[in-house]
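Everything on this sheet refers to the single structure shown next.
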Amino acid sequence: MRRLVALLALILALPLAVPVLGQDSLPPAPYAYQQLDDPALEAKAQDLMITLRCLKCQSQSIADSDAPMAGDMRHQVRTRIAAGEDPEEVRAWLVSRYGDYVSYKPHLSSSTWPLFAIPLLVVLVAGFAITRRIKARK
Amino acid sequence: MRKVRIGLWVLVGIAAFLFGLFAYQLSQPKDEFIKSAMIGQDIPAFDLPAATASRPALSSADLADGKPKLLNIFASWCVPCAAEAPQLAELERAGATIVGVAIRDREEDVDRFLATYGNPFARIGRDDISEVQLSLGSSGVPETFVIDGQGRITYQHIGDIRPEQVSMILEELRKAGA
């Protein structure tokens, strides 16, 4: 029993023992964790950051991630917004570097239009079918 | 009633098709590479300080001097960067001009890295906040860009250059006018 407990503890501790490889030792960029002084600008930056994909940890936004690169991206977002850029300009700047992939905000394009059109179509077809049934019952 | 049955079968067919599609897509290996959207475009303007005393600094003007180059994004803390060092040395021996951008790195660490794994770089710029990396559309280290003599990005290699990829990189460099 004791051995089993020890083994179990070892297995549970394993994920903690993975060495931290491939991490730099430089301090984060100035505006990685530092909010902007103007709360209105910071709110703008925050709203944008939650819709930008972290490139290192691809299922998180840069607002959620502690990856150094996400910090560097937050620094870009905050300094650009502090310099008077519009959030959508900052998004466009990143999209021009990484493609649509970097943005979580859905937009209409030649490859995404079915995502918007199909639900509409389904609702129309369903509506048509339901009205026909109701009429048939009467 | 017959009509309803056919409709049901159509629904079953659609559902089966969707599940099949999901199963197929889920079983495909995920492409984790995020390609730069900057290929074919001019390199964005930048001016980085030198990452080490042993090599000069790097600016975008250095990349438009008429000679095609390899721009290697690396870091001393990056393990695959050490793994690709022999390939960079081979590319340099084959006549390629390689310039480097060290990401989030300290001078003493860069010096130690170059002393251990060799220094194939003509110039090394120091990018402490990944600014140039982000402006290039690069999402990790190492990455290697082929830049033609006019400073236009013609090719992006993501990840470390394997021994069998050296000739392909040289071919890309040749296509850029080397």
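Identifiers in the structure tokens: chain A, B, ... in order shown; residue index from 1 per chain; ligand index from 1 in order shown.
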
Skip Ala82 (chain A) itself and residues of its chain fewer than 2 positions away, then list as a PyMOL selection string all residues within 9 Å of it, counting only C-alpha atoms. chain A and resi 36+38+41-42+45+77-80+84-85

Tell me which protein, DNA and RNA residues are within 8 Å of region 117-134 of chain B, counting only C-alpha atoms, leaving out same-chain ones fewer than 6 positions away, and put them as an MDAnalysis selection string. (chainID A and resid 26 28:29 69 72:73 76 94 97) or (chainID B and resid 46 48:52 55:59 73 82 85:86 88:89 92 97:105)

Given the selection you just returned, output its residues as a file containing C-alpha atoms, formatted as a short mmCIF file (atom, residue, chain, number, x, y, z; two decimals), in the first residue's frame.
```
data_model
loop_
_atom_site.label_atom_id
_atom_site.label_comp_id
_atom_site.auth_asym_id
_atom_site.auth_seq_id
_atom_site.Cartn_x
_atom_site.Cartn_y
_atom_site.Cartn_z
CA LEU A 26 15.23 38.76 -20.34
CA PRO A 28 9.33 41.28 -20.16
CA ALA A 29 8.82 44.19 -22.57
CA MET A 69 6.07 36.45 -27.21
CA ASP A 72 5.90 41.34 -26.65
CA MET A 73 2.66 41.42 -28.65
CA GLN A 76 3.09 46.36 -29.40
CA LEU A 94 -0.83 42.03 -37.29
CA ARG A 97 2.08 39.88 -40.85
CA PHE B 46 14.23 48.49 -38.69
CA LEU B 48 18.70 47.05 -34.35
CA PRO B 49 21.70 47.51 -32.06
CA ALA B 50 24.51 44.93 -32.19
CA ALA B 51 23.87 41.75 -30.19
CA THR B 52 27.56 41.09 -29.70
CA ARG B 55 29.77 41.52 -35.18
CA PRO B 56 28.26 44.79 -36.44
CA ALA B 57 24.63 45.79 -35.86
CA LEU B 58 21.84 45.08 -38.35
CA SER B 59 19.39 47.42 -40.05
CA ILE B 73 16.09 34.52 -36.40
CA ALA B 82 21.90 24.98 -31.58
CA ALA B 85 24.25 25.55 -36.27
CA PRO B 86 26.15 22.97 -38.39
CA LEU B 88 24.23 27.37 -41.04
CA ALA B 89 27.99 26.78 -41.07
CA GLU B 92 28.16 29.92 -45.06
CA THR B 97 25.75 35.59 -46.52
CA ILE B 98 23.90 35.06 -43.26
CA VAL B 99 22.76 37.83 -40.96
CA GLY B 100 21.18 37.14 -37.59
CA VAL B 101 18.58 38.61 -35.30
CA ALA B 102 18.95 37.48 -31.69
CA ILE B 103 15.57 37.39 -29.94
CA ARG B 104 15.31 38.38 -26.24
CA ASP B 105 18.96 37.73 -25.60
#
```

Taking only C-alpha atoms into account, what are the residues of chain A at most 12 Å from chain B, put as a ChimeraX atom specification? /A:20-32,53-59,67-77,79,90,92-102,129,133

Selection file, C-alpha atoms, as an mmCIF file, in the first residue's frame:
```cif
data_model
loop_
_atom_site.group_PDB
_atom_site.id
_atom_site.type_symbol
_atom_site.label_atom_id
_atom_site.label_comp_id
_atom_site.auth_asym_id
_atom_site.auth_seq_id
_atom_site.Cartn_x
_atom_site.Cartn_y
_atom_site.Cartn_z
ATOM 1 C CA VAL A 20 11.966 24.623 -18.395
ATOM 2 C CA LEU A 21 13.776 24.591 -21.711
ATOM 3 C CA GLY A 22 13.805 27.189 -24.407
ATOM 4 C CA GLN A 23 12.875 30.124 -22.209
ATOM 5 C CA ASP A 24 14.727 33.402 -22.298
ATOM 6 C CA SER A 25 15.878 35.216 -19.173
ATOM 7 C CA LEU A 26 15.228 38.758 -20.343
ATOM 8 C CA PRO A 27 12.693 40.851 -18.411
ATOM 9 C CA PRO A 28 9.330 41.277 -20.161
ATOM 10 C CA ALA A 29 8.815 44.186 -22.574
ATOM 11 C CA PRO A 30 7.854 47.422 -20.774
ATOM 12 C CA TYR A 31 4.143 47.215 -21.608
ATOM 13 C CA ALA A 32 3.777 43.434 -21.428
ATOM 14 C CA ARG A 53 -4.251 34.904 -30.933
ATOM 15 C CA CYS A 54 -1.103 34.046 -29.040
ATOM 16 C CA LEU A 55 1.195 32.522 -31.662
ATOM 17 C CA LYS A 56 3.122 30.381 -29.177
ATOM 18 C CA CYS A 57 0.134 28.938 -27.359
ATOM 19 C CA GLN A 58 -2.376 28.839 -30.115
ATOM 20 C CA SER A 59 -5.584 28.390 -28.176
ATOM 21 C CA ALA A 67 4.447 33.384 -23.097
ATOM 22 C CA PRO A 68 7.209 35.970 -23.631
ATOM 23 C CA MET A 69 6.066 36.447 -27.211
ATOM 24 C CA ALA A 70 2.510 37.213 -26.096
ATOM 25 C CA GLY A 71 4.018 39.806 -23.736
ATOM 26 C CA ASP A 72 5.900 41.342 -26.651
ATOM 27 C CA MET A 73 2.661 41.424 -28.651
ATOM 28 C CA ARG A 74 0.844 43.140 -25.775
ATOM 29 C CA HIS A 75 3.651 45.686 -25.686
ATOM 30 C CA GLN A 76 3.090 46.363 -29.399
ATOM 31 C CA VAL A 77 -0.664 46.695 -28.926
ATOM 32 C CA THR A 79 2.339 51.274 -27.362
ATOM 33 C CA VAL A 90 -3.317 47.502 -34.950
ATOM 34 C CA ALA A 92 -4.748 45.067 -39.549
ATOM 35 C CA TRP A 93 -1.011 45.481 -38.911
ATOM 36 C CA LEU A 94 -0.825 42.034 -37.294
ATOM 37 C CA VAL A 95 -3.051 40.431 -39.940
ATOM 38 C CA SER A 96 -0.713 41.825 -42.616
ATOM 39 C CA ARG A 97 2.084 39.883 -40.845
ATOM 40 C CA TYR A 98 0.404 36.643 -39.839
ATOM 41 C CA GLY A 99 -2.770 36.477 -41.889
ATOM 42 C CA ASP A 100 -6.320 36.115 -40.506
ATOM 43 C CA TYR A 101 -5.015 33.394 -38.214
ATOM 44 C CA VAL A 102 -3.804 35.925 -35.643
ATOM 45 C CA ALA A 129 -41.019 23.699 -43.459
ATOM 46 C CA ARG A 133 -46.757 21.829 -41.626
#
```

Run DSSP on the backbone and tell me which residues of chain A come out as alpha helix (DSSP H); list them as a short mmCIF file (atom, residue, chain, number, x, y, z; two decimals) with N, CA and C atoms, in the first residue's frame.
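Dumped everything to result-v4.cif:
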```
data_model
loop_
_atom_site.label_atom_id
_atom_site.label_comp_id
_atom_site.auth_asym_id
_atom_site.auth_seq_id
_atom_site.Cartn_x
_atom_site.Cartn_y
_atom_site.Cartn_z
N ARG A 2 1.88 1.23 0.86
CA ARG A 2 2.77 2.38 0.97
C ARG A 2 3.48 2.64 -0.36
N ARG A 3 3.92 1.51 -0.95
CA ARG A 3 4.62 1.63 -2.22
C ARG A 3 3.71 2.23 -3.28
N LEU A 4 2.45 1.76 -3.23
CA LEU A 4 1.48 2.23 -4.21
C LEU A 4 1.30 3.74 -4.07
N VAL A 5 1.20 4.20 -2.81
CA VAL A 5 1.03 5.64 -2.56
C VAL A 5 2.25 6.40 -3.08
N ALA A 6 3.45 5.86 -2.83
CA ALA A 6 4.68 6.52 -3.28
C ALA A 6 4.70 6.61 -4.80
N LEU A 7 4.29 5.51 -5.42
CA LEU A 7 4.28 5.47 -6.89
C LEU A 7 3.29 6.51 -7.44
N LEU A 8 2.13 6.56 -6.77
CA LEU A 8 1.10 7.49 -7.19
C LEU A 8 1.60 8.93 -7.07
N ALA A 9 2.28 9.21 -5.95
CA ALA A 9 2.82 10.55 -5.71
C ALA A 9 3.84 10.90 -6.79
N LEU A 10 4.64 9.92 -7.16
CA LEU A 10 5.67 10.13 -8.18
C LEU A 10 5.02 10.48 -9.52
N ILE A 11 3.98 9.70 -9.84
CA ILE A 11 3.31 9.92 -11.13
C ILE A 11 2.66 11.31 -11.15
N LEU A 12 2.07 11.70 -10.00
CA LEU A 12 1.42 13.00 -9.93
C LEU A 12 2.45 14.13 -10.03
N ALA A 13 3.67 13.86 -9.52
CA ALA A 13 4.68 14.92 -9.49
C ALA A 13 5.40 15.06 -10.83
N PRO A 39 -7.08 55.05 -18.48
CA PRO A 39 -7.95 53.87 -18.43
C PRO A 39 -8.75 53.65 -19.72
N ALA A 40 -9.08 54.73 -20.41
CA ALA A 40 -9.85 54.58 -21.65
C ALA A 40 -9.01 53.87 -22.71
N LEU A 41 -7.74 54.27 -22.81
CA LEU A 41 -6.84 53.63 -23.78
C LEU A 41 -6.57 52.19 -23.39
N GLU A 42 -6.39 51.95 -22.08
CA GLU A 42 -6.12 50.60 -21.61
C GLU A 42 -7.31 49.69 -21.92
N ALA A 43 -8.53 50.23 -21.76
CA ALA A 43 -9.73 49.44 -22.06
C ALA A 43 -9.77 49.08 -23.55
N LYS A 44 -9.40 50.05 -24.39
CA LYS A 44 -9.32 49.79 -25.83
C LYS A 44 -8.32 48.69 -26.13
N ALA A 45 -7.13 48.79 -25.51
CA ALA A 45 -6.07 47.82 -25.73
C ALA A 45 -6.54 46.44 -25.26
N GLN A 46 -7.19 46.41 -24.09
CA GLN A 46 -7.66 45.15 -23.50
C GLN A 46 -8.68 44.48 -24.42
N ASP A 47 -9.63 45.28 -24.92
CA ASP A 47 -10.65 44.74 -25.82
C ASP A 47 -10.03 44.14 -27.07
N LEU A 48 -8.94 44.75 -27.53
CA LEU A 48 -8.27 44.23 -28.73
C LEU A 48 -7.47 42.97 -28.38
N MET A 49 -6.78 43.01 -27.23
CA MET A 49 -5.87 41.90 -26.89
C MET A 49 -6.61 40.59 -26.69
N PRO A 68 6.49 34.71 -23.38
CA PRO A 68 7.21 35.97 -23.63
C PRO A 68 6.75 36.65 -24.92
N MET A 69 6.46 35.84 -25.95
CA MET A 69 6.07 36.45 -27.21
C MET A 69 4.70 37.14 -27.10
N ALA A 70 3.81 36.56 -26.31
CA ALA A 70 2.51 37.21 -26.10
C ALA A 70 2.72 38.54 -25.38
N GLY A 71 3.68 38.57 -24.43
CA GLY A 71 4.02 39.81 -23.74
C GLY A 71 4.52 40.85 -24.72
N ASP A 72 5.37 40.42 -25.64
CA ASP A 72 5.90 41.34 -26.65
C ASP A 72 4.79 41.84 -27.57
N MET A 73 3.79 40.99 -27.82
CA MET A 73 2.66 41.42 -28.65
C MET A 73 1.79 42.42 -27.88
N ARG A 74 1.61 42.18 -26.58
CA ARG A 74 0.84 43.14 -25.77
C ARG A 74 1.54 44.49 -25.75
N HIS A 75 2.88 44.45 -25.67
CA HIS A 75 3.65 45.69 -25.69
C HIS A 75 3.39 46.45 -26.98
N GLN A 76 3.38 45.73 -28.11
CA GLN A 76 3.09 46.36 -29.40
C GLN A 76 1.70 46.99 -29.39
N VAL A 77 0.72 46.21 -28.93
CA VAL A 77 -0.66 46.70 -28.93
C VAL A 77 -0.77 47.95 -28.07
N ARG A 78 -0.23 47.89 -26.84
CA ARG A 78 -0.38 49.03 -25.92
C ARG A 78 0.35 50.26 -26.43
N THR A 79 1.60 50.08 -26.92
CA THR A 79 2.34 51.27 -27.36
C THR A 79 1.69 51.87 -28.61
N ARG A 80 1.17 51.02 -29.49
CA ARG A 80 0.54 51.56 -30.70
C ARG A 80 -0.75 52.30 -30.37
N ILE A 81 -1.52 51.74 -29.41
CA ILE A 81 -2.77 52.41 -29.04
C ILE A 81 -2.47 53.70 -28.28
N ALA A 82 -1.43 53.67 -27.44
CA ALA A 82 -1.03 54.88 -26.72
C ALA A 82 -0.56 55.95 -27.70
N PRO A 87 -7.66 50.63 -32.68
CA PRO A 87 -7.47 49.19 -32.47
C PRO A 87 -7.55 48.38 -33.76
N GLU A 88 -8.45 48.77 -34.67
CA GLU A 88 -8.56 48.00 -35.92
C GLU A 88 -7.34 48.18 -36.82
N GLU A 89 -6.65 49.31 -36.68
CA GLU A 89 -5.39 49.50 -37.42
C GLU A 89 -4.32 48.55 -36.89
N VAL A 90 -4.30 48.40 -35.56
CA VAL A 90 -3.32 47.50 -34.95
C VAL A 90 -3.61 46.06 -35.39
N ARG A 91 -4.91 45.71 -35.39
CA ARG A 91 -5.28 44.37 -35.84
C ARG A 91 -4.84 44.17 -37.29
N ALA A 92 -5.11 45.18 -38.13
CA ALA A 92 -4.75 45.07 -39.55
C ALA A 92 -3.23 44.90 -39.70
N TRP A 93 -2.47 45.59 -38.85
CA TRP A 93 -1.01 45.48 -38.91
C TRP A 93 -0.59 44.03 -38.64
N LEU A 94 -1.19 43.42 -37.62
CA LEU A 94 -0.83 42.03 -37.29
C LEU A 94 -1.32 41.06 -38.36
N VAL A 95 -2.52 41.31 -38.89
CA VAL A 95 -3.05 40.43 -39.94
C VAL A 95 -2.16 40.51 -41.19
N SER A 96 -1.60 41.70 -41.45
CA SER A 96 -0.71 41.83 -42.62
C SER A 96 0.59 41.05 -42.40
N ARG A 97 0.89 40.69 -41.16
CA ARG A 97 2.08 39.88 -40.85
C ARG A 97 1.79 38.40 -40.78
N TYR A 98 0.67 38.05 -40.14
CA TYR A 98 0.40 36.64 -39.84
C TYR A 98 -0.84 36.08 -40.53
N TRP A 113 -17.57 33.29 -46.06
CA TRP A 113 -18.98 33.65 -46.22
C TRP A 113 -19.95 32.50 -45.95
N PRO A 114 -19.60 31.21 -46.25
CA PRO A 114 -20.58 30.15 -45.95
C PRO A 114 -20.91 30.06 -44.46
N LEU A 115 -19.95 30.41 -43.60
CA LEU A 115 -20.20 30.37 -42.16
C LEU A 115 -21.35 31.29 -41.78
N PHE A 116 -21.49 32.37 -42.52
CA PHE A 116 -22.56 33.32 -42.22
C PHE A 116 -23.83 32.97 -43.00
N ALA A 117 -23.63 32.45 -44.21
CA ALA A 117 -24.77 32.22 -45.09
C ALA A 117 -25.55 30.96 -44.70
N ILE A 118 -24.83 29.88 -44.31
CA ILE A 118 -25.50 28.61 -44.05
C ILE A 118 -26.52 28.68 -42.90
N PRO A 119 -26.16 29.25 -41.74
CA PRO A 119 -27.17 29.34 -40.68
C PRO A 119 -28.42 30.10 -41.12
N LEU A 120 -28.21 31.16 -41.90
CA LEU A 120 -29.33 31.94 -42.40
C LEU A 120 -30.22 31.07 -43.28
N LEU A 121 -29.58 30.30 -44.14
CA LEU A 121 -30.28 29.41 -45.05
C LEU A 121 -31.07 28.35 -44.27
N VAL A 122 -30.42 27.78 -43.23
CA VAL A 122 -31.07 26.74 -42.43
C VAL A 122 -32.31 27.30 -41.75
N VAL A 123 -32.19 28.51 -41.20
CA VAL A 123 -33.33 29.14 -40.53
C VAL A 123 -34.47 29.35 -41.53
N LEU A 124 -34.13 29.80 -42.73
CA LEU A 124 -35.14 30.03 -43.77
C LEU A 124 -35.84 28.73 -44.14
N VAL A 125 -35.06 27.67 -44.37
CA VAL A 125 -35.63 26.38 -44.76
C VAL A 125 -36.51 25.84 -43.64
N ALA A 126 -36.01 25.94 -42.39
CA ALA A 126 -36.79 25.44 -41.25
C ALA A 126 -38.10 26.22 -41.14
N GLY A 127 -38.01 27.52 -41.28
CA GLY A 127 -39.20 28.37 -41.19
C GLY A 127 -40.22 27.97 -42.25
N PHE A 128 -39.71 27.74 -43.44
CA PHE A 128 -40.58 27.35 -44.55
C PHE A 128 -41.26 26.01 -44.24
N ALA A 129 -40.48 25.03 -43.76
CA ALA A 129 -41.02 23.70 -43.46
C ALA A 129 -42.06 23.77 -42.36
N ILE A 130 -41.78 24.57 -41.33
CA ILE A 130 -42.71 24.66 -40.19
C ILE A 130 -44.03 25.30 -40.63
N THR A 131 -43.94 26.39 -41.39
CA THR A 131 -45.19 27.04 -41.81
C THR A 131 -46.00 26.10 -42.68
N ARG A 132 -45.32 25.31 -43.50
CA ARG A 132 -46.05 24.37 -44.34
C ARG A 132 -46.78 23.33 -43.53
N ARG A 133 -46.13 22.83 -42.50
CA ARG A 133 -46.76 21.83 -41.63
C ARG A 133 -47.96 22.39 -40.90
N ILE A 134 -47.75 23.60 -40.35
CA ILE A 134 -48.86 24.21 -39.61
C ILE A 134 -50.07 24.40 -40.52
N LYS A 135 -49.80 24.85 -41.73
CA LYS A 135 -50.88 25.04 -42.69
C LYS A 135 -51.56 23.71 -43.02
N ALA A 136 -50.75 22.65 -43.17
CA ALA A 136 -51.27 21.33 -43.53
C ALA A 136 -52.19 20.81 -42.42
N ARG A 137 -51.84 21.08 -41.16
CA ARG A 137 -52.65 20.61 -40.05
C ARG A 137 -54.01 21.26 -40.03
#
```

Mind pulling up the distance from CA of Ser65 (chain A) to CA of Thr112 (chain A)? 27.0 Å

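CA of Pro106 (chain A) lies 24.5 Å from CA of Tyr24 (chain B).
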
Any idea what's packed within 7 Å of region 161-172 of chain B, counting only C-alpha atoms, ignoring anything in its chain fewer than 2 positions away? Could you give it as a PyMOL selection string? chain B and resi 84+87+91+159+174-176

Could the residues in this selection be written to a file with C-alpha atoms, as a PDB file, in the first residue's frame?
```
ATOM      1  CA  GLU B  84      20.806  23.957 -36.863  1.00  0.00           C
ATOM      2  CA  GLN B  87      23.725  23.599 -41.266  1.00  0.00           C
ATOM      3  CA  LEU B  91      25.485  27.339 -45.868  1.00  0.00           C
ATOM      4  CA  GLY B 159      12.002  25.694 -37.676  1.00  0.00           C
ATOM      5  CA  ARG B 174      19.868  31.196 -55.990  1.00  0.00           C
ATOM      6  CA  LYS B 175      16.304  31.955 -57.080  1.00  0.00           C
ATOM      7  CA  ALA B 176      16.584  35.239 -55.179  1.00  0.00           C
TER       8      ALA B 176
END
```
